[in-house]
Amino acid sequence: MALTRDYKETVMVRIRRDRKFARALYAEALSALLEGETAEGLSMLRDLVHAKITFKELARQTGLGEKTLHRMLNRNGNPTTRNLGMIVKSIAEDLGIKPRVELAACG
């Protein structure tokens, strides 16, 4: 059976339409990055940028070049911690997310 819509296109439409889904994808991207699944995390961040902010707007917000951002968010990208922090912050602001850190007791 033939698919009626490409997978990526379906994800893009859902991100644009469903704020809760976009926020969940953002959280999943950060989890993937923290768990060492860098390619997957960067890919999800890239989808969010394509669907919500645009690379042109992200470049304006971060002061980084569009081509540089495309390379950094490629599945094989290797952004510095500083640049990744600026990207994550800009995406969060666009989604209306105010990240907070919670510490759990060890032991």
# chains A, B, ... in the order shown; residues from 1 in each chain; ligands from 1
>>> residues_around(residues="A:Thr80", least_positions_apart="4", cutoff="12 Å", atoms="only C-alpha atoms", output="ChimeraX atom specification")
/A:68-69,71-73,84-87
>>> residues_around(residues="A:Gly65", least_positions_apart="5", cutoff="12 Å", atoms="only C-alpha atoms", output="MDAnalysis selection string")
chainID A and resid 55:60 70:72 83 87
>>> write_last_selection(atoms="N, CA and C atoms", output="CSV table (one decimal), in the first residue's frame")
chain,number,residue,atom,x,y,z
A,55,PHE,N,15.4,28.4,10.0
A,55,PHE,CA,16.9,28.6,10.2
A,55,PHE,C,17.3,30.0,10.1
A,56,LYS,N,16.5,30.8,9.3
A,56,LYS,CA,16.8,32.2,9.1
A,56,LYS,C,16.6,32.9,10.5
A,57,GLU,N,15.4,32.6,11.1
A,57,GLU,CA,15.1,33.3,12.4
A,57,GLU,C,16.1,32.8,13.5
A,58,LEU,N,16.4,31.5,13.5
A,58,LEU,CA,17.3,31.0,14.5
A,58,LEU,C,18.7,31.6,14.3
A,59,ALA,N,19.1,31.9,13.1
A,59,ALA,CA,20.4,32.6,12.9
A,59,ALA,C,20.3,34.0,13.5
A,60,ARG,N,19.2,34.6,13.3
A,60,ARG,CA,19.1,36.0,13.8
A,60,ARG,C,19.1,36.0,15.3
A,70,HIS,N,22.8,24.7,10.0
A,70,HIS,CA,22.4,23.5,9.2
A,70,HIS,C,23.4,22.4,9.5
A,71,ARG,N,24.7,22.8,9.5
A,71,ARG,CA,25.8,21.8,9.7
A,71,ARG,C,25.7,21.3,11.2
A,72,MET,N,25.5,22.2,12.1
A,72,MET,CA,25.5,21.8,13.5
A,72,MET,C,24.3,20.8,13.8
A,83,ASN,N,27.1,26.8,21.6
A,83,ASN,CA,26.2,26.9,20.5
A,83,ASN,C,25.0,26.1,20.7
A,87,ILE,N,21.0,27.4,20.8
A,87,ILE,CA,20.0,26.8,19.9
A,87,ILE,C,18.8,26.3,20.8
>>> atom_distance(atom1="atom CA of A:Asp18", atom2="atom CA of A:Glu66")
25.7 Å
>>> select_by_dssp(residues="chain A", states="alpha helix (DSSP H)", output="VMD selection string")
chain A and resid 7 to 17 19 to 34 38 to 48 55 to 62 66 to 72 81 to 95
>>> atom_distance(atom1="atom CA of A:Asn74", atom2="atom CA of A:Asp94")
20.3 Å
>>> atom_distance(atom1="atom CA of A:Thr10", atom2="atom CA of A:Lys89")
25.0 Å
>>> residues_around(residues="A:Leu45", least_positions_apart="4", cutoff="10 Å", atoms="only C-alpha atoms", output="ChimeraX atom specification")
/A:25-30,40-41,49-51,73-74,87-88,91
